[in-house]
file start.txt (compact mmCIF, C-alpha atoms)
# COMPACT_ATOMS: atom_id res chain seq x y z
CA MET A 1 -106.53 -51.56 -10.33
CA GLN A 2 -106.08 -48.53 -8.09
CA ALA A 3 -108.47 -46.35 -6.09
CA HIS A 4 -108.41 -43.67 -8.82
CA ASP A 5 -110.14 -46.18 -11.14
CA ALA A 6 -112.96 -46.71 -8.62
CA ILE A 7 -116.63 -45.98 -9.21
CA LEU A 8 -116.83 -45.06 -5.52
CA ASP A 9 -113.90 -43.82 -3.44
CA VAL A 10 -114.59 -43.12 0.25
CA GLN A 11 -111.81 -41.55 2.28
CA GLU A 12 -111.62 -40.93 6.03
CA LEU A 13 -115.41 -40.68 6.39
CA THR A 14 -116.59 -39.61 9.84
CA VAL A 15 -120.19 -39.26 11.04
CA SER A 16 -121.42 -38.62 14.59
CA PHE A 17 -124.91 -38.48 16.05
CA ASP A 18 -125.36 -36.73 19.42
CA GLY A 19 -121.70 -37.21 20.25
CA PHE A 20 -121.65 -40.89 19.27
CA THR A 21 -119.27 -41.70 16.41
CA VAL A 22 -121.03 -44.00 13.93
CA LEU A 23 -118.45 -43.85 11.13
CA ASN A 24 -114.86 -43.42 12.27
CA LYS A 25 -112.45 -42.37 9.49
CA LEU A 26 -113.85 -45.10 7.25
CA SER A 27 -112.10 -45.60 3.90
CA LEU A 28 -112.96 -48.02 1.08
CA TYR A 29 -113.34 -48.08 -2.66
CA VAL A 30 -115.52 -50.06 -5.06
CA MET A 31 -114.55 -50.78 -8.66
CA PRO A 32 -116.80 -50.43 -11.72
CA GLY A 33 -118.99 -53.51 -12.19
CA GLU A 34 -118.12 -54.92 -8.77
CA LEU A 35 -120.50 -56.83 -6.49
CA ARG A 36 -119.50 -55.84 -2.95
CA PHE A 37 -121.11 -57.13 0.25
CA LEU A 38 -120.95 -55.17 3.52
CA ILE A 39 -121.34 -57.16 6.71
CA GLY A 40 -120.84 -56.45 10.39
CA PRO A 41 -122.65 -56.47 13.74
CA ASN A 42 -125.54 -54.14 14.46
CA GLY A 43 -124.16 -50.66 15.00
CA ALA A 44 -121.15 -51.25 12.75
CA GLY A 45 -122.15 -48.38 10.44
CA LYS A 46 -123.39 -50.23 7.34
CA THR A 47 -126.67 -48.37 6.86
CA THR A 48 -125.11 -45.04 7.82
CA LEU A 49 -122.50 -45.50 5.10
CA MET A 50 -125.32 -46.11 2.60
CA ASP A 51 -127.09 -43.00 3.91
CA VAL A 52 -124.01 -40.85 3.41
CA VAL A 53 -123.29 -42.14 -0.10
CA SER A 54 -126.92 -41.61 -1.17
CA GLY A 55 -127.08 -38.13 0.40
CA LYS A 56 -129.59 -38.83 3.16
CA VAL A 57 -126.96 -38.03 5.81
CA ARG A 58 -124.11 -35.51 5.62
CA ALA A 59 -120.64 -36.51 6.79
CA ASP A 60 -118.82 -34.51 9.45
CA ALA A 61 -115.46 -35.13 7.77
CA GLY A 62 -113.89 -37.07 4.92
CA SER A 63 -114.63 -37.24 1.21
CA ILE A 64 -116.64 -39.29 -1.27
CA THR A 65 -115.77 -39.32 -4.97
CA PHE A 66 -118.10 -40.95 -7.48
CA ASP A 67 -117.24 -42.08 -10.99
CA GLY A 68 -113.78 -40.54 -10.90
CA SER A 69 -114.72 -36.87 -10.83
CA HIS A 70 -117.92 -36.19 -8.87
CA ALA A 71 -117.29 -34.95 -5.31
CA LEU A 72 -120.43 -35.99 -3.45
CA ASN A 73 -120.03 -34.26 -0.10
CA ARG A 74 -122.28 -31.31 -0.94
CA ALA A 75 -124.46 -32.93 -3.62
CA ALA A 76 -128.19 -33.29 -2.86
CA GLU A 77 -129.96 -36.66 -3.03
CA ASP A 78 -131.64 -35.90 -6.36
CA GLU A 79 -128.32 -34.81 -7.87
CA ARG A 80 -126.80 -38.14 -6.89
CA VAL A 81 -129.67 -39.99 -8.57
CA ARG A 82 -128.99 -38.06 -11.78
CA MET A 83 -125.28 -38.88 -11.47
CA GLY A 84 -126.20 -42.58 -11.43
CA ILE A 85 -126.57 -43.66 -7.80
CA GLY A 86 -129.64 -45.78 -6.99
CA ARG A 87 -130.67 -46.62 -3.42
CA LYS A 88 -132.97 -49.40 -2.25
CA PHE A 89 -134.04 -49.54 1.37
CA GLN A 90 -134.85 -52.72 3.30
CA THR A 91 -138.62 -52.10 3.12
CA PRO A 92 -139.89 -51.93 -0.48
CA SER A 93 -141.08 -48.47 -1.47
CA VAL A 94 -143.52 -48.98 -4.34
CA PHE A 95 -146.87 -47.43 -5.23
CA SER A 96 -149.30 -50.13 -4.11
CA SER A 97 -152.23 -48.85 -6.22
CA LEU A 98 -150.21 -48.88 -9.45
CA THR A 99 -149.33 -51.82 -11.65
CA CYS A 100 -145.76 -53.03 -11.92
CA PHE A 101 -145.47 -51.38 -15.33
CA GLU A 102 -146.78 -48.07 -13.99
CA ASN A 103 -144.38 -48.16 -11.02
CA VAL A 104 -141.38 -48.61 -13.29
CA GLU A 105 -142.71 -46.03 -15.76
CA VAL A 106 -142.94 -43.43 -13.00
CA ALA A 107 -139.43 -44.29 -11.84
CA ALA A 108 -138.13 -43.81 -15.39
CA GLY A 109 -138.95 -40.12 -15.09
CA TYR A 110 -136.84 -39.52 -11.99
CA ARG A 111 -133.60 -38.93 -13.89
CA LYS A 112 -134.85 -37.29 -17.07
CA GLY A 113 -137.96 -35.37 -16.05
CA LEU A 114 -141.65 -36.14 -16.47
CA ALA A 115 -142.09 -34.01 -19.62
CA ARG A 116 -139.39 -35.92 -21.48
CA LEU A 117 -140.87 -39.18 -20.21
CA MET A 118 -144.21 -38.39 -21.85
CA LEU A 119 -142.62 -37.24 -25.12
CA GLY A 120 -140.59 -40.40 -25.46
CA ARG A 121 -143.24 -42.87 -24.38
CA ALA A 122 -142.67 -45.47 -27.15
CA THR A 123 -139.03 -45.82 -26.22
CA ASP A 124 -139.85 -45.85 -22.54
CA VAL A 125 -142.35 -48.69 -22.94
CA GLU A 126 -139.50 -50.79 -24.25
CA ARG A 127 -137.23 -49.61 -21.45
CA VAL A 128 -139.84 -50.37 -18.76
CA MET A 129 -140.44 -53.85 -20.13
CA TRP A 130 -136.68 -54.41 -20.30
CA ALA A 131 -136.36 -53.54 -16.59
CA LEU A 132 -139.24 -55.83 -15.64
CA GLU A 133 -137.76 -58.66 -17.71
CA ARG A 134 -134.38 -58.11 -15.99
CA VAL A 135 -135.91 -58.88 -12.58
CA GLY A 136 -138.25 -61.64 -13.80
CA LEU A 137 -141.52 -59.71 -13.56
CA THR A 138 -142.59 -59.54 -17.21
CA ALA A 139 -145.62 -61.73 -16.51
CA ARG A 140 -146.60 -59.40 -13.64
CA ALA A 141 -146.36 -56.20 -15.70
CA HIS A 142 -150.07 -55.37 -15.45
CA MET A 143 -150.63 -56.73 -11.94
CA VAL A 144 -151.30 -54.19 -9.18
CA SER A 145 -148.20 -54.17 -6.99
CA SER A 146 -150.20 -54.69 -3.78
CA ASP A 147 -150.95 -58.21 -5.06
CA LEU A 148 -147.27 -59.16 -5.34
CA SER A 149 -145.42 -61.32 -2.86
CA HIS A 150 -142.84 -59.70 -0.59
CA GLY A 151 -139.99 -60.90 -2.77
CA GLU A 152 -141.69 -59.69 -5.94
CA ARG A 153 -142.12 -56.22 -4.42
CA GLN A 154 -138.39 -56.20 -3.69
CA TRP A 155 -137.64 -57.11 -7.32
CA LEU A 156 -140.06 -54.46 -8.54
CA GLU A 157 -138.18 -51.81 -6.61
CA ILE A 158 -134.92 -53.03 -8.15
CA ALA A 159 -136.56 -52.71 -11.60
CA MET A 160 -137.51 -49.14 -10.64
CA LEU A 161 -133.84 -48.46 -10.05
CA LEU A 162 -132.60 -50.26 -13.15
CA VAL A 163 -134.85 -48.26 -15.48
CA GLN A 164 -132.94 -45.15 -14.32
CA ASP A 165 -129.71 -46.71 -15.63
CA PRO A 166 -127.68 -46.35 -12.42
CA LYS A 167 -123.95 -46.94 -12.35
CA LEU A 168 -124.05 -47.82 -8.63
CA LEU A 169 -126.81 -49.69 -6.76
CA LEU A 170 -127.01 -49.45 -2.96
CA LEU A 171 -129.07 -52.36 -1.61
CA ASP A 172 -129.87 -52.50 2.11
CA GLU A 173 -130.68 -56.02 3.38
CA PRO A 174 -132.57 -56.91 0.19
CA VAL A 175 -133.38 -60.54 1.08
CA ALA A 176 -134.83 -59.89 4.55
CA GLY A 177 -138.18 -61.67 4.82
CA MET A 178 -137.80 -63.59 1.57
CA THR A 179 -138.44 -67.28 1.07
CA ARG A 180 -135.52 -69.57 0.24
CA GLU A 181 -136.50 -69.61 -3.44
CA GLU A 182 -136.78 -65.81 -3.53
CA ARG A 183 -133.33 -65.47 -1.92
CA GLU A 184 -131.86 -67.76 -4.57
CA ARG A 185 -133.40 -65.75 -7.39
CA THR A 186 -132.23 -62.49 -5.83
CA GLY A 187 -128.66 -63.72 -5.53
CA GLU A 188 -128.70 -64.86 -9.14
CA LEU A 189 -130.06 -61.44 -10.15
CA PHE A 190 -127.21 -59.65 -8.37
CA GLN A 191 -124.63 -61.81 -10.09
CA ALA A 192 -126.33 -61.16 -13.45
CA LEU A 193 -126.17 -57.39 -12.81
CA GLU A 194 -122.51 -57.57 -11.84
CA GLY A 195 -120.34 -56.11 -14.57
CA SER A 196 -122.96 -53.80 -16.04
CA HIS A 197 -123.56 -52.15 -12.66
CA SER A 198 -121.64 -51.78 -9.42
CA LEU A 199 -123.56 -53.11 -6.40
CA ILE A 200 -123.04 -52.57 -2.68
CA VAL A 201 -125.19 -54.95 -0.63
CA THR A 202 -125.56 -54.88 3.15
CA GLU A 203 -126.69 -58.21 4.52
CA HIS A 204 -127.09 -60.15 7.77
CA ASP A 205 -127.97 -63.47 6.10
CA MET A 206 -124.55 -65.13 6.13
CA ASP A 207 -125.72 -68.13 4.11
CA PHE A 208 -126.71 -65.71 1.36
CA VAL A 209 -123.36 -63.89 1.62
CA ARG A 210 -121.42 -67.14 1.46
CA GLN A 211 -123.31 -68.28 -1.62
CA PHE A 212 -123.32 -65.11 -3.71
CA SER A 213 -120.55 -62.77 -2.54
CA ARG A 214 -117.43 -61.88 -4.50
CA VAL A 215 -115.69 -59.40 -2.20
CA VAL A 216 -116.81 -58.84 1.38
CA THR A 217 -116.03 -55.81 3.55
CA VAL A 218 -116.47 -56.21 7.30
CA LEU A 219 -117.34 -53.09 9.27
CA HIS A 220 -116.88 -52.82 13.02
CA MET A 221 -117.44 -49.77 15.21
CA GLY A 222 -117.62 -47.50 12.18
CA SER A 223 -114.42 -48.58 10.44
CA VAL A 224 -113.31 -51.24 7.98
CA LEU A 225 -112.12 -54.25 9.98
CA CYS A 226 -111.03 -56.31 6.96
CA GLU A 227 -112.06 -57.26 3.46
CA GLY A 228 -111.53 -60.04 0.97
CA ARG A 229 -113.22 -63.19 -0.27
CA ILE A 230 -115.64 -64.86 2.13
CA GLU A 231 -113.26 -67.77 2.77
CA GLU A 232 -110.59 -65.31 3.93
CA ILE A 233 -113.07 -63.35 6.02
CA GLN A 234 -114.29 -66.44 7.84
CA ARG A 235 -110.74 -67.39 8.80
CA ASP A 236 -109.87 -63.93 10.11
CA GLU A 237 -109.50 -64.05 13.90
CA ARG A 238 -110.66 -60.44 14.26
CA VAL A 239 -113.92 -61.24 12.48
CA GLN A 240 -114.43 -64.35 14.57
CA ALA A 241 -113.91 -62.29 17.72
CA VAL A 242 -116.43 -59.66 16.65
CA TYR A 243 -119.13 -62.17 15.67
CA LEU A 244 -118.56 -64.37 18.71
CA GLY A 245 -118.86 -61.34 20.97
CA HIS A 246 -115.28 -61.36 22.25
CA ALA A 247 -114.77 -57.83 20.95
CA ARG A 248 -116.78 -55.38 23.03
CA GLU A 249 -118.99 -53.09 21.03
CA THR A 250 -121.42 -50.35 21.86
CA ALA A 251 -124.38 -50.38 19.50
CA GLY A 252 -125.31 -46.92 18.23
CA PRO A 253 -127.91 -45.50 15.88
CA GLY A 254 -126.18 -46.65 12.70
CA ALA A 255 -126.74 -50.29 11.74
call {"tool": "encode", "arguments": {"input": "start.txt", "output": "structure tokens"}}
result
Amino acid sequence: MQAHDAILDVQELTVSFDGFTVLNKLSLYVMPGELRFLIGPNGAGKTTLMDVVSGKVRADAGSITFDGSHALNRAAEDERVRMGIGRKFQTPSVFSSLTCFENVEVAAGYRKGLARLMLGRATDVERVMWALERVGLTARAHMVSSDLSHGERQWLEIAMLLVQDPKLLLLDEPVAGMTREERERTGELFQALEGSHSLIVTEHDMDFVRQFSRVVTVLHMGSVLCEGRIEEIQRDERVQAVYLGHARETAGPGA
């Protein structure tokens, strides 16, 4: 497959904050249905890349093409959601006073509008329950989300994305703070979603990356250092140098 088949094609992306270059002519592409992990030291640019793809941050230079034809550079965040890009931040963002069902029901309206959500409620009940079942929260459907565990809140937010039928999921350190069992279930969820969705996951937990990754991209100082399967990445001398601290790096505002 070539870059023109990609769900996401990033070319020569550059972002600077206060004169500090966070992304430096970064190029990569992600194929439809691919599970891609992004790793790298703090300051490598992982979160900033997510911010640019989701529309939270504007690039100074370069281009982003989504789903073959959508040029994202000038698209607003809500436009990107409607195109099929879902973003999950490290800290769960759910409505603590609502039940799991109600959280996902509200999220279902983000892409199609609240009026249409109310008109099609019977169908949406099925869709909401489908999303909760996908993340293993069917039994928690009518539980107030403030009563969930940390891992369950993370899964609820993923259900809130899935109900919007995204083509691309951006997941920023999703297993941070989870128990071992919750990490296992999350990794299995990502692999189950692979194929029907494209996923880009930033992660510092290397045990998790080793266990569940397919393709890994290593960022360093705002550029792609290398990419491949985890076994190849671990043998790469450049990666070993970066993680052992032999390569000097100045940490900036982009993680």
call {"tool": "atom_distance", "arguments": {"input": "start.txt", "atom1": "atom CA of A:Gly109", "atom2": "atom CA of A:Val10"}}
result
28.9 Å
call {"tool": "closest_residue", "arguments": {"input": "start.txt", "among": "A:Ser16, A:Ser213, A:Ser146, A:Thr48", "to": "A:Ser97", "atoms": "only C-alpha atoms"}}
result
A:Ser146
call {"tool": "residues_around", "arguments": {"input": "start.txt", "residues": "A:Phe66", "least_positions_apart": "6", "cutoff": "8 Å", "atoms": "only C-alpha atoms", "output": "PyMOL selection string"}}
result
chain A and resi 6-9+72
call {"tool": "closest_residue", "arguments": {"input": "start.txt", "among": "A:Ala61, A:Leu38, A:Leu137, A:Met160", "to": "A:Gly228", "atoms": "all atoms listed in the file"}}
result
A:Leu38
call {"tool": "axis_aligned_box", "arguments": {"input": "start.txt", "around": "stretch 162-165 of chain A", "padding_each_side": "4 Å", "output": "AutoDock Vina command-line options"}}
result
--center_x -132.3 --center_y -47.7 --center_z -14.4 --size_x 13.1 --size_y 13.1 --size_z 10.5
call {"tool": "atom_distance", "arguments": {"input": "start.txt", "atom1": "atom CA of A:Gln191", "atom2": "atom CA of A:Trp155"}}
result
14.1 Å
call {"tool": "atom_distance", "arguments": {"input": "start.txt", "atom1": "atom CA of A:Met221", "atom2": "atom CA of A:Gly40"}}
result
8.9 Å
call {"tool": "closest_residue", "arguments": {"input": "start.txt", "among": "A:Asp147, A:Asp78, A:Glu157, A:Asp60", "to": "A:Val104", "atoms": "all atoms listed in the file"}}
result
A:Glu157
call {"tool": "closest_residue", "arguments": {"input": "start.txt", "among": "A:Arg180, A:Ala76, A:Ser93, A:Leu169", "to": "A:Glu194", "atoms": "only C-alpha atoms"}}
result
A:Leu169
call {"tool": "closest_residue", "arguments": {"input": "start.txt", "among": "A:Asp236, A:Asp165, A:Glu181, A:Glu152", "to": "A:Ala131", "atoms": "only C-alpha atoms"}}
result
A:Asp165
call {"tool": "residues_around", "arguments": {"input": "start.txt", "residues": "A:Glu231", "least_positions_apart": "4", "cutoff": "10 Å", "atoms": "all atoms listed in the file", "output": "list in words"}}
result
Arg210, Val216, Arg235 and Asp236 of chain A
call {"tool": "closest_residue", "arguments": {"input": "start.txt", "among": "A:Thr91, A:Ser63, A:Thr217, A:Asn103", "to": "A:Leu156", "atoms": "only C-alpha atoms"}}
result
A:Asn103
call {"tool": "residues_around", "arguments": {"input": "start.txt", "residues": "A:Arg36", "least_positions_apart": "6", "cutoff": "8 Å", "atoms": "all atoms listed in the file", "output": "list in words"}}
result
Val30, Ser198, Leu199, Ile200, Val201, Ser213, Arg214, Val215, Val216 and Thr217 of chain A
call {"tool": "residues_around", "arguments": {"input": "start.txt", "residues": "A:Glu102", "least_positions_apart": "3", "cutoff": "12 Å", "atoms": "only C-alpha atoms", "output": "list in words"}}
result
Val94, Phe95, Ser96, Ser97, Leu98, Thr99, Glu105, Val106, Ala107, Ala108, Gly109, Asp124, Val125, Val128, Met129, Leu132, Arg140, Ala141, His142, Met143, Val144, Ser145, Leu156, Glu157, Ala159 and Met160 of chain A
